[in-house]
>>> print(open('data22.tsv').read())   # TSV, N, CA and C atoms and all ligand atoms
chain	number	residue	atom	x	y	z
D	29	MET	N	66.04	75.03	29.42
D	29	MET	CA	66.45	76.30	28.78
D	29	MET	C	65.94	76.35	27.34
D	30	LYS	N	65.20	77.40	27.04
D	30	LYS	CA	64.65	77.54	25.68
D	30	LYS	C	65.74	77.93	24.70
D	31	ARG	N	65.67	77.34	23.50
D	31	ARG	CA	66.59	77.75	22.44
D	31	ARG	C	66.12	79.09	21.89
D	32	LYS	N	67.10	79.92	21.54
D	32	LYS	CA	66.80	81.27	21.09
D	32	LYS	C	66.86	81.37	19.57
D	33	VAL	N	65.79	81.90	18.97
D	33	VAL	CA	65.76	82.07	17.51
D	33	VAL	C	65.85	83.55	17.17
D	34	LEU	N	66.81	83.89	16.33
D	34	LEU	CA	66.91	85.24	15.79
D	34	LEU	C	66.02	85.31	14.56
D	35	LEU	N	65.07	86.25	14.57
D	35	LEU	CA	64.16	86.41	13.43
D	35	LEU	C	64.39	87.78	12.80
D	36	ALA	N	64.59	87.81	11.50
D	36	ALA	CA	64.70	89.08	10.77
D	36	ALA	C	63.61	89.09	9.71
D	37	GLU	N	62.67	90.00	9.84
D	37	GLU	CA	61.53	90.05	8.91
D	37	GLU	C	61.00	91.48	8.88
D	38	ASP	N	60.92	92.07	7.68
D	38	ASP	CA	60.51	93.47	7.60
D	38	ASP	C	58.99	93.66	7.59
D	39	ASP	N	58.24	92.64	7.21
D	39	ASP	CA	56.78	92.76	7.19
D	39	ASP	C	56.25	92.54	8.61
D	40	PRO	N	55.65	93.60	9.22
D	40	PRO	CA	55.24	93.49	10.63
D	40	PRO	C	54.21	92.39	10.88
D	41	VAL	N	53.28	92.21	9.95
D	41	VAL	CA	52.26	91.18	10.13
D	41	VAL	C	52.91	89.80	10.14
D	42	PHE	N	53.82	89.61	9.18
D	42	PHE	CA	54.50	88.33	9.07
D	42	PHE	C	55.45	88.11	10.24
D	43	ARG	N	56.09	89.20	10.68
D	43	ARG	CA	57.01	89.10	11.82
D	43	ARG	C	56.25	88.63	13.07
D	44	ASP	N	55.07	89.21	13.29
D	44	ASP	CA	54.27	88.80	14.43
D	44	ASP	C	53.81	87.35	14.31
D	45	LEU	N	53.41	86.98	13.10
D	45	LEU	CA	52.94	85.61	12.87
D	45	LEU	C	54.06	84.59	13.14
D	46	VAL	N	55.23	84.86	12.57
D	46	VAL	CA	56.35	83.92	12.75
D	46	VAL	C	56.78	83.87	14.21
D	47	THR	N	56.76	85.03	14.86
D	47	THR	CA	57.10	85.07	16.29
D	47	THR	C	56.15	84.16	17.08
D	48	GLU	N	54.88	84.28	16.77
D	48	GLU	CA	53.87	83.46	17.46
D	48	GLU	C	54.09	81.97	17.20
D	49	ILE	N	54.36	81.62	15.95
D	49	ILE	CA	54.59	80.21	15.60
D	49	ILE	C	55.80	79.67	16.37
D	50	LEU	N	56.87	80.46	16.40
D	50	LEU	CA	58.09	80.01	17.07
D	50	LEU	C	57.90	79.90	18.58
D	51	GLN	N	57.19	80.86	19.14
D	51	GLN	CA	56.95	80.80	20.59
D	51	GLN	C	56.10	79.59	20.94
D	52	GLU	N	55.10	79.32	20.09
D	52	GLU	CA	54.26	78.13	20.32
D	52	GLU	C	55.07	76.85	20.21
D	53	ALA	N	56.11	76.89	19.37
D	53	ALA	CA	56.95	75.71	19.21
D	53	ALA	C	57.99	75.60	20.33
D	54	GLY	N	57.97	76.55	21.26
D	54	GLY	CA	58.83	76.46	22.44
D	54	GLY	C	60.13	77.24	22.36
D	55	TYR	N	60.25	78.11	21.39
D	55	TYR	CA	61.48	78.91	21.26
D	55	TYR	C	61.30	80.29	21.87
D	56	GLU	N	62.44	80.86	22.29
D	56	GLU	CA	62.47	82.27	22.66
D	56	GLU	C	62.79	83.01	21.36
D	57	VAL	N	62.16	84.15	21.12
D	57	VAL	CA	62.37	84.84	19.84
D	57	VAL	C	62.95	86.24	20.03
D	58	LEU	N	63.98	86.54	19.24
D	58	LEU	CA	64.53	87.88	19.17
D	58	LEU	C	64.20	88.37	17.76
D	59	ALA	N	63.33	89.36	17.64
D	59	ALA	CA	62.89	89.78	16.31
D	59	ALA	C	63.36	91.17	15.93
D	60	GLY	N	63.94	91.27	14.74
D	60	GLY	CA	64.37	92.56	14.21
D	60	GLY	C	63.66	92.83	12.90
D	61	GLU	N	63.49	94.13	12.57
D	61	GLU	CA	62.71	94.44	11.36
D	61	GLU	C	63.54	94.58	10.09
D	62	ASN	N	64.83	94.40	10.22
D	62	ASN	CA	65.69	94.33	9.02
D	62	ASN	C	66.97	93.62	9.43
D	63	GLY	N	67.84	93.37	8.45
D	63	GLY	CA	69.05	92.61	8.73
D	63	GLY	C	69.99	93.31	9.71
D	64	GLN	N	70.05	94.62	9.61
D	64	GLN	CA	70.95	95.37	10.50
D	64	GLN	C	70.50	95.26	11.95
D	65	GLU	N	69.18	95.44	12.14
D	65	GLU	CA	68.64	95.35	13.49
D	65	GLU	C	68.84	93.94	14.05
D	66	ALA	N	68.62	92.93	13.20
D	66	ALA	CA	68.80	91.55	13.63
D	66	ALA	C	70.27	91.28	13.99
D	67	TRP	N	71.17	91.82	13.20
D	67	TRP	CA	72.60	91.65	13.47
D	67	TRP	C	72.94	92.22	14.85
D	68	GLU	N	72.42	93.40	15.14
D	68	GLU	CA	72.69	94.03	16.43
D	68	GLU	C	72.11	93.20	17.59
D	69	LEU	N	70.94	92.61	17.36
D	69	LEU	CA	70.35	91.74	18.38
D	69	LEU	C	71.23	90.51	18.60
D	70	LEU	N	71.73	89.95	17.50
D	70	LEU	CA	72.58	88.76	17.58
D	70	LEU	C	73.85	89.06	18.39
D	71	VAL	N	74.47	90.18	18.08
D	71	VAL	CA	75.71	90.55	18.78
D	71	VAL	C	75.44	90.82	20.26
D	72	ALA	N	74.31	91.47	20.54
D	72	ALA	CA	74.00	91.83	21.93
D	72	ALA	C	73.54	90.63	22.76
D	73	LYS	N	72.75	89.75	22.15
D	73	LYS	CA	72.11	88.70	22.95
D	73	LYS	C	72.42	87.26	22.55
D	74	GLY	N	73.01	87.07	21.37
D	74	GLY	CA	73.30	85.72	20.91
D	74	GLY	C	72.05	85.00	20.45
D	75	ALA	N	72.21	83.88	19.74
D	75	ALA	CA	71.06	83.09	19.28
D	75	ALA	C	71.55	81.68	18.95
D	76	ASP	N	70.62	80.71	18.97
D	76	ASP	CA	70.94	79.32	18.65
D	76	ASP	C	70.59	78.97	17.21
D	77	LEU	N	69.61	79.68	16.67
D	77	LEU	CA	69.13	79.43	15.30
D	77	LEU	C	68.71	80.78	14.71
D	78	ALA	N	68.65	80.86	13.37
D	78	ALA	CA	68.19	82.10	12.75
D	78	ALA	C	67.18	81.83	11.65
D	79	VAL	N	66.13	82.66	11.60
D	79	VAL	CA	65.15	82.63	10.53
D	79	VAL	C	65.20	84.00	9.88
D	80	LEU	N	65.70	84.04	8.64
D	80	LEU	CA	65.93	85.33	7.99
D	80	LEU	C	65.11	85.48	6.72
D	81	ASP	N	64.37	86.57	6.66
D	81	ASP	CA	63.67	86.90	5.43
D	81	ASP	C	64.72	87.28	4.40
D	82	LEU	N	64.47	86.96	3.14
D	82	LEU	CA	65.46	87.31	2.12
D	82	LEU	C	65.38	88.79	1.76
D	83	ASN	N	64.16	89.24	1.43
D	83	ASN	CA	64.00	90.63	0.99
D	83	ASN	C	63.67	91.56	2.16
D	84	MET	N	64.64	92.40	2.51
D	84	MET	CA	64.45	93.37	3.60
D	84	MET	C	65.22	94.63	3.24
D	85	PRO	N	64.76	95.80	3.75
D	85	PRO	CA	65.52	97.03	3.51
D	85	PRO	C	66.77	97.08	4.39
D	86	ILE	N	67.65	98.01	4.08
D	86	ILE	CA	68.89	98.28	4.83
D	86	ILE	C	69.92	97.14	4.71
D	87	LEU	N	69.58	95.98	5.23
D	87	LEU	CA	70.48	94.83	5.08
D	87	LEU	C	69.59	93.62	4.83
D	88	ASP	N	69.70	93.01	3.64
D	88	ASP	CA	68.79	91.90	3.33
D	88	ASP	C	69.31	90.57	3.88
D	89	GLY	N	68.50	89.52	3.68
D	89	GLY	CA	68.83	88.22	4.25
D	89	GLY	C	70.12	87.62	3.70
D	90	LEU	N	70.40	87.89	2.43
D	90	LEU	CA	71.63	87.35	1.84
D	90	LEU	C	72.85	88.02	2.45
D	91	GLU	N	72.78	89.35	2.58
D	91	GLU	CA	73.91	90.09	3.15
D	91	GLU	C	74.11	89.74	4.63
D	92	LEU	N	73.00	89.56	5.34
D	92	LEU	CA	73.11	89.19	6.75
D	92	LEU	C	73.72	87.80	6.89
D	93	THR	N	73.31	86.88	6.02
D	93	THR	CA	73.88	85.53	6.05
D	93	THR	C	75.38	85.58	5.79
D	94	LYS	N	75.78	86.39	4.82
D	94	LYS	CA	77.20	86.52	4.50
D	94	LYS	C	77.98	87.06	5.71
D	95	ARG	N	77.38	88.05	6.39
D	95	ARG	CA	78.03	88.63	7.55
D	95	ARG	C	78.16	87.60	8.69
D	96	ILE	N	77.08	86.83	8.90
D	96	ILE	CA	77.09	85.80	9.95
D	96	ILE	C	78.14	84.74	9.65
D	97	ARG	N	78.18	84.28	8.40
D	97	ARG	CA	79.13	83.23	8.02
D	97	ARG	C	80.58	83.71	8.05
D	98	GLY	N	80.75	85.02	7.93
D	98	GLY	CA	82.10	85.58	7.92
D	98	GLY	C	82.63	85.89	9.31
D	99	ASP	N	81.81	85.64	10.33
D	99	ASP	CA	82.21	85.98	11.69
D	99	ASP	C	82.41	84.70	12.50
D	100	ASP	N	83.59	84.52	13.05
D	100	ASP	CA	83.91	83.29	13.78
D	100	ASP	C	82.92	82.97	14.90
D	101	ARG	N	82.34	84.00	15.48
D	101	ARG	CA	81.41	83.76	16.59
D	101	ARG	C	80.11	83.11	16.14
D	102	TYR	N	79.73	83.37	14.89
D	102	TYR	CA	78.40	82.93	14.44
D	102	TYR	C	78.41	82.02	13.21
D	103	LYS	N	79.59	81.66	12.73
D	103	LYS	CA	79.63	80.97	11.44
D	103	LYS	C	78.93	79.62	11.43
D	104	GLU	N	78.72	79.02	12.62
D	104	GLU	CA	78.03	77.72	12.68
D	104	GLU	C	76.52	77.87	12.94
D	105	LEU	N	76.04	79.10	13.04
D	105	LEU	CA	74.62	79.33	13.35
D	105	LEU	C	73.72	78.74	12.25
D	106	PRO	N	72.77	77.85	12.63
D	106	PRO	CA	71.87	77.31	11.62
D	106	PRO	C	70.95	78.41	11.08
D	107	ILE	N	70.87	78.52	9.76
D	107	ILE	CA	70.06	79.58	9.14
D	107	ILE	C	69.00	79.00	8.22
D	108	LEU	N	67.75	79.38	8.48
D	108	LEU	CA	66.62	79.04	7.61
D	108	LEU	C	66.20	80.34	6.94
D	109	MET	N	66.20	80.36	5.61
D	109	MET	CA	65.84	81.59	4.91
D	109	MET	C	64.42	81.54	4.40
D	110	LEU	N	63.75	82.69	4.46
D	110	LEU	CA	62.36	82.79	4.01
D	110	LEU	C	62.27	83.72	2.81
D	111	THR	N	61.45	83.36	1.84
D	111	THR	CA	61.22	84.28	0.73
D	111	THR	C	59.83	84.12	0.18
D	112	VAL	N	59.28	85.21	-0.37
D	112	VAL	CA	57.98	85.11	-1.03
D	112	VAL	C	58.17	84.59	-2.45
D	113	ARG	N	59.35	84.79	-2.96
D	113	ARG	CA	59.61	84.38	-4.34
D	113	ARG	C	60.17	82.98	-4.40
D	114	ALA	N	59.71	82.25	-5.38
D	114	ALA	CA	60.16	80.86	-5.50
D	114	ALA	C	61.26	80.74	-6.54
D	115	PHE	N	61.89	81.86	-6.89
D	115	PHE	CA	62.92	81.80	-7.93
D	115	PHE	C	64.09	80.92	-7.50
D	116	VAL	N	64.40	80.00	-8.35
D	116	VAL	CA	65.50	79.09	-8.08
D	116	VAL	C	66.81	79.85	-7.87
D	117	GLU	N	67.01	80.93	-8.65
D	117	GLU	CA	68.26	81.70	-8.54
D	117	GLU	C	68.44	82.27	-7.13
D	118	GLU	N	67.33	82.72	-6.55
D	118	GLU	CA	67.40	83.29	-5.20
D	118	GLU	C	67.74	82.22	-4.17
D	119	GLN	N	67.15	81.05	-4.37
D	119	GLN	CA	67.42	79.99	-3.41
D	119	GLN	C	68.88	79.57	-3.49
D	120	ILE	N	69.39	79.48	-4.72
D	120	ILE	CA	70.79	79.11	-4.89
D	120	ILE	C	71.70	80.18	-4.29
D	121	ALA	N	71.33	81.45	-4.49
D	121	ALA	CA	72.13	82.54	-3.91
D	121	ALA	C	72.15	82.40	-2.39
D	122	GLY	N	71.03	82.02	-1.81
D	122	GLY	CA	70.95	81.83	-0.36
D	122	GLY	C	71.87	80.72	0.10
D	123	TYR	N	71.85	79.60	-0.61
D	123	TYR	CA	72.73	78.49	-0.25
D	123	TYR	C	74.19	78.86	-0.44
D	124	ASP	N	74.46	79.61	-1.52
D	124	ASP	CA	75.84	80.05	-1.79
D	124	ASP	C	76.39	80.89	-0.64
D	125	ARG	N	75.53	81.70	-0.05
D	125	ARG	CA	76.00	82.56	1.05
D	125	ARG	C	76.05	81.80	2.36
D	126	GLY	N	75.47	80.60	2.39
D	126	GLY	CA	75.60	79.82	3.61
D	126	GLY	C	74.32	79.50	4.34
D	127	ALA	N	73.15	79.75	3.71
D	127	ALA	CA	71.90	79.36	4.36
D	127	ALA	C	71.83	77.83	4.40
D	128	ASP	N	71.23	77.26	5.45
D	128	ASP	CA	71.15	75.81	5.58
D	128	ASP	C	69.88	75.24	4.99
D	129	ASP	N	68.84	76.06	4.96
D	129	ASP	CA	67.56	75.59	4.43
D	129	ASP	C	66.76	76.79	3.97
D	130	TYR	N	65.70	76.51	3.26
D	130	TYR	CA	64.90	77.51	2.60
D	130	TYR	C	63.43	77.20	2.78
D	131	LEU	N	62.61	78.22	2.98
D	131	LEU	CA	61.16	78.01	3.02
D	131	LEU	C	60.52	79.15	2.22
D	132	THR	N	59.62	78.80	1.33
D	132	THR	CA	58.96	79.79	0.49
D	132	THR	C	57.61	80.17	1.10
D	133	LYS	N	57.38	81.47	1.22
D	133	LYS	CA	56.11	81.97	1.77
D	133	LYS	C	55.02	81.88	0.70
D	134	PRO	N	53.79	81.63	1.01
D	134	PRO	CA	53.32	81.27	2.35
D	134	PRO	C	53.60	79.81	2.65
D	135	PHE	N	53.81	79.50	3.93
D	135	PHE	CA	54.06	78.11	4.29
D	135	PHE	C	53.14	77.72	5.43
D	136	ASP	N	52.97	76.46	5.61
D	136	ASP	CA	52.16	75.95	6.71
D	136	ASP	C	52.91	76.21	8.02
D	137	ARG	N	52.23	76.68	9.03
D	137	ARG	CA	52.92	77.02	10.29
D	137	ARG	C	53.63	75.81	10.92
D	138	LYS	N	53.03	74.65	10.76
D	138	LYS	CA	53.67	73.46	11.32
D	138	LYS	C	54.97	73.13	10.58
D	139	MET	N	55.00	73.49	9.28
D	139	MET	CA	56.19	73.22	8.47
D	139	MET	C	57.38	74.03	8.95
D	140	LEU	N	57.16	75.28	9.30
D	140	LEU	CA	58.25	76.13	9.80
D	140	LEU	C	58.87	75.51	11.06
D	141	ALA	N	58.02	75.14	11.99
D	141	ALA	CA	58.53	74.55	13.24
D	141	ALA	C	59.25	73.23	12.95
D	142	ALA	N	58.68	72.44	12.03
D	142	ALA	CA	59.29	71.14	11.71
D	142	ALA	C	60.67	71.31	11.09
D	143	ARG	N	60.82	72.28	10.18
D	143	ARG	CA	62.11	72.49	9.52
D	143	ARG	C	63.16	72.99	10.51
D	144	LEU	N	62.73	73.82	11.45
D	144	LEU	CA	63.67	74.30	12.46
D	144	LEU	C	64.14	73.16	13.36
D	145	LYS	N	63.22	72.26	13.68
D	145	LYS	CA	63.59	71.11	14.51
D	145	LYS	C	64.65	70.26	13.79
D	146	VAL	N	64.50	70.13	12.48
D	146	VAL	CA	65.48	69.35	11.70
D	146	VAL	C	66.85	70.02	11.77
D	147	LEU	N	66.87	71.34	11.59
D	147	LEU	CA	68.15	72.07	11.66
D	147	LEU	C	68.78	71.92	13.03
D	148	GLU	N	67.94	72.01	14.04
D	148	GLU	CA	68.41	71.90	15.41
D	148	GLU	C	69.07	70.55	15.64
D	149	ARG	N	68.38	69.51	15.17
D	149	ARG	CA	68.88	68.16	15.36
D	149	ARG	C	70.17	67.92	14.58
D	150	ARG	N	70.15	68.37	13.33
D	150	ARG	CA	71.28	68.09	12.44
D	150	ARG	C	72.51	68.89	12.80
D	151	ILE	N	72.31	70.16	13.09
D	151	ILE	CA	73.45	71.04	13.29
D	151	ILE	C	73.84	71.20	14.75
D	152	LEU	N	72.84	71.31	15.60
D	152	LEU	CA	73.16	71.48	17.01
D	152	LEU	C	73.24	70.16	17.75
D	153	GLY	N	72.85	69.08	17.06
D	153	GLY	CA	72.95	67.76	17.65
D	153	GLY	C	72.01	67.51	18.80
D	154	LYS	N	70.76	67.90	18.61
D	154	LYS	CA	69.75	67.64	19.66
D	154	LYS	C	68.46	67.17	19.02
S	1	MG	MG	60.62	91.03	3.27
>>> encode(input="data22.tsv", output="C-alpha cells")
Amino acid sequence: MKRKVLLAEDDPVFRDLVTEILQEAGYEVLAGENGQEAWELLVAKGADLAVLDLNMPILDGLELTKRIRGDDRYKELPILMLTVRAFVEEQIAGYDRGADDYLTKPFDRKMLAARLKVLERRILGK
C-alpha cells in the first residue's frame, strides 16, 4: 500500500515537479493549489504525510499547518514545509505552528524524497 502525500503548492510548475518527484519516490500524491484546496482534499481522502508550500493565496502553509495541528484527526500528520525564502523568522514561524521539517527552494529532488523518508521513519515508525 502506497503512503499518501498531501501536497499544497500554488506554483503549477513546481506543483507538477514535486508531484513527479514524490511519485517516483513511491508515494501517491494528492495535490491542491492552495491551503484551502489541500485541506478539503485531506478531509475527503486523508493523507499519511504533508508537503506544504509556505506562501500560497487563500490559505497559506502556516495557516494550514495551524488548522491541521488543531484538529484531532490530523494533529499527528508529519508536515514538511517548503519556502523560496530562507528567512529564519519564517522557518521559526513554521516550527511554531507545528511543522516537523523545512526545505528551502530550490532543493535537490533526491533531498525532498530523503527528508520525507526521515519523517516517515521518525513519526510513522517505518
Ligand atoms: Mg507559493
>>> closest_atom_pairs(input="data22.tsv", of="chain D", to="ligand MG 1 (chain S)", cutoff="9 Å", atoms="only C-alpha atoms and all ligand atoms", output="Markdown table")
| residue | atom | partner | partner_atom | distance |
| --- | --- | --- | --- | --- |
| D:Ala36 | CA | S:MG1 | MG | 8.8 |
| D:Glu37 | CA | S:MG1 | MG | 5.8 |
| D:Asp38 | CA | S:MG1 | MG | 5.0 |
| D:Asp39 | CA | S:MG1 | MG | 5.8 |
| D:Phe42 | CA | S:MG1 | MG | 8.9 |
| D:Asn62 | CA | S:MG1 | MG | 8.3 |
| D:Asp81 | CA | S:MG1 | MG | 5.6 |
| D:Leu82 | CA | S:MG1 | MG | 6.2 |
| D:Asn83 | CA | S:MG1 | MG | 4.1 |
| D:Met84 | CA | S:MG1 | MG | 4.5 |
| D:Pro85 | CA | S:MG1 | MG | 7.8 |
| D:Asp88 | CA | S:MG1 | MG | 8.2 |
| D:Gly89 | CA | S:MG1 | MG | 8.7 |
| D:Leu110 | CA | S:MG1 | MG | 8.5 |
| D:Thr111 | CA | S:MG1 | MG | 7.2 |
| D:Val112 | CA | S:MG1 | MG | 7.8 |
>>> atom_distance(input="data22.tsv", atom1="CA of Leu147 in chain D", atom2="CA of Glu117 in chain D")
22.4 Å
>>> closest_residue(input="data22.tsv", among="D:Arg143, D:Arg31, D:Lys94, D:Arg150", to="Asp124 in chain D", atoms="only C-alpha atoms")
D:Lys94
>>> closest_residue(input="data22.tsv", among="D:Gly126, D:Gly74, D:Pro106, D:Gly63", to="Leu87 in chain D", atoms="only C-alpha atoms")
D:Gly63
>>> closest_residue(input="data22.tsv", among="D:Gly54, D:Ile96, D:Ile107, D:Leu90", to="Ala121 in chain D", atoms="only C-alpha atoms")
D:Leu90
>>> decode(input="data22.tsv", residues="range 99-110 of chain D", atoms="all heavy atoms", output="PDB file, in the first residue's frame")
ATOM      1  N   ASP D  99      -6.669  20.021  14.784  1.00  0.00           N
ATOM      2  CA  ASP D  99      -7.733  19.053  14.536  1.00  0.00           C
ATOM      3  C   ASP D  99      -7.277  17.667  15.006  1.00  0.00           C
ATOM      4  O   ASP D  99      -6.252  17.158  14.541  1.00  0.00           O
ATOM      5  CB  ASP D  99      -8.040  19.036  13.027  1.00  0.00           C
ATOM      6  CG  ASP D  99      -9.283  18.213  12.706  1.00  0.00           C
ATOM      7  OD1 ASP D  99      -9.366  17.049  13.137  1.00  0.00           O
ATOM      8  OD2 ASP D  99     -10.170  18.747  12.016  1.00  0.00           O
ATOM      9  N   ASP D 100      -8.026  17.069  15.905  1.00  0.00           N
ATOM     10  CA  ASP D 100      -7.649  15.770  16.473  1.00  0.00           C
ATOM     11  C   ASP D 100      -7.390  14.688  15.426  1.00  0.00           C
ATOM     12  O   ASP D 100      -6.586  13.801  15.637  1.00  0.00           O
ATOM     13  CB  ASP D 100      -8.742  15.274  17.426  1.00  0.00           C
ATOM     14  CG  ASP D 100      -8.605  15.921  18.795  1.00  0.00           C
ATOM     15  OD1 ASP D 100      -7.549  16.536  19.048  1.00  0.00           O
ATOM     16  OD2 ASP D 100      -9.555  15.831  19.584  1.00  0.00           O
ATOM     17  N   ARG D 101      -8.075  14.787  14.306  1.00  0.00           N
ATOM     18  CA  ARG D 101      -7.904  13.763  13.266  1.00  0.00           C
ATOM     19  C   ARG D 101      -6.538  13.834  12.595  1.00  0.00           C
ATOM     20  O   ARG D 101      -6.029  12.838  12.100  1.00  0.00           O
ATOM     21  CB  ARG D 101      -8.979  13.931  12.166  1.00  0.00           C
ATOM     22  CG  ARG D 101     -10.380  13.622  12.624  1.00  0.00           C
ATOM     23  CD  ARG D 101     -11.386  14.032  11.563  1.00  0.00           C
ATOM     24  NE  ARG D 101     -11.413  15.500  11.377  1.00  0.00           N
ATOM     25  CZ  ARG D 101     -12.156  16.126  10.473  1.00  0.00           C
ATOM     26  NH1 ARG D 101     -12.897  15.434   9.623  1.00  0.00           N
ATOM     27  NH2 ARG D 101     -12.163  17.440  10.394  1.00  0.00           N
ATOM     28  N   TYR D 102      -5.959  15.031  12.557  1.00  0.00           N
ATOM     29  CA  TYR D 102      -4.733  15.215  11.772  1.00  0.00           C
ATOM     30  C   TYR D 102      -3.544  15.743  12.564  1.00  0.00           C
ATOM     31  O   TYR D 102      -2.488  15.997  11.998  1.00  0.00           O
ATOM     32  CB  TYR D 102      -5.004  16.183  10.605  1.00  0.00           C
ATOM     33  CG  TYR D 102      -6.273  15.867   9.870  1.00  0.00           C
ATOM     34  CD1 TYR D 102      -7.330  16.764   9.839  1.00  0.00           C
ATOM     35  CD2 TYR D 102      -6.432  14.638   9.225  1.00  0.00           C
ATOM     36  CE1 TYR D 102      -8.515  16.468   9.174  1.00  0.00           C
ATOM     37  CE2 TYR D 102      -7.613  14.322   8.568  1.00  0.00           C
ATOM     38  CZ  TYR D 102      -8.648  15.245   8.543  1.00  0.00           C
ATOM     39  OH  TYR D 102      -9.812  14.936   7.899  1.00  0.00           O
ATOM     40  N   LYS D 103      -3.698  15.914  13.864  1.00  0.00           N
ATOM     41  CA  LYS D 103      -2.649  16.613  14.606  1.00  0.00           C
ATOM     42  C   LYS D 103      -1.298  15.902  14.604  1.00  0.00           C
ATOM     43  O   LYS D 103      -0.273  16.532  14.819  1.00  0.00           O
ATOM     44  CB  LYS D 103      -3.102  16.948  16.023  1.00  0.00           C
ATOM     45  CG  LYS D 103      -3.392  15.754  16.876  1.00  0.00           C
ATOM     46  CD  LYS D 103      -3.898  16.210  18.245  1.00  0.00           C
ATOM     47  CE  LYS D 103      -4.122  14.997  19.109  1.00  0.00           C
ATOM     48  NZ  LYS D 103      -4.882  15.296  20.314  1.00  0.00           N
ATOM     49  N   GLU D 104      -1.285  14.585  14.310  1.00  0.00           N
ATOM     50  CA  GLU D 104      -0.016  13.846  14.262  1.00  0.00           C
ATOM     51  C   GLU D 104       0.566  13.770  12.847  1.00  0.00           C
ATOM     52  O   GLU D 104       1.600  13.146  12.637  1.00  0.00           O
ATOM     53  CB  GLU D 104      -0.218  12.407  14.768  1.00  0.00           C
ATOM     54  CG  GLU D 104      -0.867  12.275  16.134  1.00  0.00           C
ATOM     55  CD  GLU D 104       0.023  12.783  17.265  1.00  0.00           C
ATOM     56  OE1 GLU D 104       1.251  12.849  17.065  1.00  0.00           O
ATOM     57  OE2 GLU D 104      -0.524  13.127  18.327  1.00  0.00           O
ATOM     58  N   LEU D 105      -0.098  14.374  11.876  1.00  0.00           N
ATOM     59  CA  LEU D 105       0.357  14.282  10.481  1.00  0.00           C
ATOM     60  C   LEU D 105       1.746  14.913  10.322  1.00  0.00           C
ATOM     61  O   LEU D 105       1.944  16.067  10.674  1.00  0.00           O
ATOM     62  CB  LEU D 105      -0.652  15.018   9.582  1.00  0.00           C
ATOM     63  CG  LEU D 105      -0.448  14.918   8.070  1.00  0.00           C
ATOM     64  CD1 LEU D 105      -0.788  13.522   7.558  1.00  0.00           C
ATOM     65  CD2 LEU D 105      -1.312  15.960   7.355  1.00  0.00           C
ATOM     66  N   PRO D 106       2.724  14.145   9.789  1.00  0.00           N
ATOM     67  CA  PRO D 106       4.053  14.719   9.579  1.00  0.00           C
ATOM     68  C   PRO D 106       3.994  15.807   8.502  1.00  0.00           C
ATOM     69  O   PRO D 106       3.442  15.576   7.428  1.00  0.00           O
ATOM     70  CB  PRO D 106       4.898  13.530   9.099  1.00  0.00           C
ATOM     71  CG  PRO D 106       4.139  12.312   9.510  1.00  0.00           C
ATOM     72  CD  PRO D 106       2.691  12.710   9.461  1.00  0.00           C
ATOM     73  N   ILE D 107       4.541  16.974   8.805  1.00  0.00           N
ATOM     74  CA  ILE D 107       4.497  18.099   7.857  1.00  0.00           C
ATOM     75  C   ILE D 107       5.891  18.591   7.505  1.00  0.00           C
ATOM     76  O   ILE D 107       6.682  18.947   8.378  1.00  0.00           O
ATOM     77  CB  ILE D 107       3.693  19.285   8.436  1.00  0.00           C
ATOM     78  CG1 ILE D 107       2.240  18.868   8.679  1.00  0.00           C
ATOM     79  CG2 ILE D 107       3.765  20.501   7.500  1.00  0.00           C
ATOM     80  CD1 ILE D 107       1.398  19.943   9.367  1.00  0.00           C
ATOM     81  N   LEU D 108       6.169  18.618   6.204  1.00  0.00           N
ATOM     82  CA  LEU D 108       7.405  19.201   5.677  1.00  0.00           C
ATOM     83  C   LEU D 108       6.996  20.489   4.971  1.00  0.00           C
ATOM     84  O   LEU D 108       6.131  20.468   4.103  1.00  0.00           O
ATOM     85  CB  LEU D 108       8.056  18.239   4.681  1.00  0.00           C
ATOM     86  CG  LEU D 108       9.314  18.734   3.963  1.00  0.00           C
ATOM     87  CD1 LEU D 108      10.492  18.817   4.919  1.00  0.00           C
ATOM     88  CD2 LEU D 108       9.669  17.822   2.797  1.00  0.00           C
ATOM     89  N   MET D 109       7.577  21.607   5.384  1.00  0.00           N
ATOM     90  CA  MET D 109       7.200  22.882   4.771  1.00  0.00           C
ATOM     91  C   MET D 109       8.227  23.336   3.752  1.00  0.00           C
ATOM     92  O   MET D 109       9.426  23.135   3.935  1.00  0.00           O
ATOM     93  CB  MET D 109       7.001  23.922   5.863  1.00  0.00           C
ATOM     94  CG  MET D 109       6.117  25.050   5.397  1.00  0.00           C
ATOM     95  SD  MET D 109       5.523  26.053   6.746  1.00  0.00           S
ATOM     96  CE  MET D 109       4.166  25.069   7.305  1.00  0.00           C
ATOM     97  N   LEU D 110       7.730  23.935   2.670  1.00  0.00           N
ATOM     98  CA  LEU D 110       8.603  24.415   1.601  1.00  0.00           C
ATOM     99  C   LEU D 110       8.523  25.928   1.506  1.00  0.00           C
ATOM    100  O   LEU D 110       7.440  26.501   1.613  1.00  0.00           O
ATOM    101  CB  LEU D 110       8.147  23.861   0.250  1.00  0.00           C
ATOM    102  CG  LEU D 110       8.027  22.357   0.084  1.00  0.00           C
ATOM    103  CD1 LEU D 110       7.460  22.049  -1.299  1.00  0.00           C
ATOM    104  CD2 LEU D 110       9.385  21.694   0.257  1.00  0.00           C
TER     105      LEU D 110
END
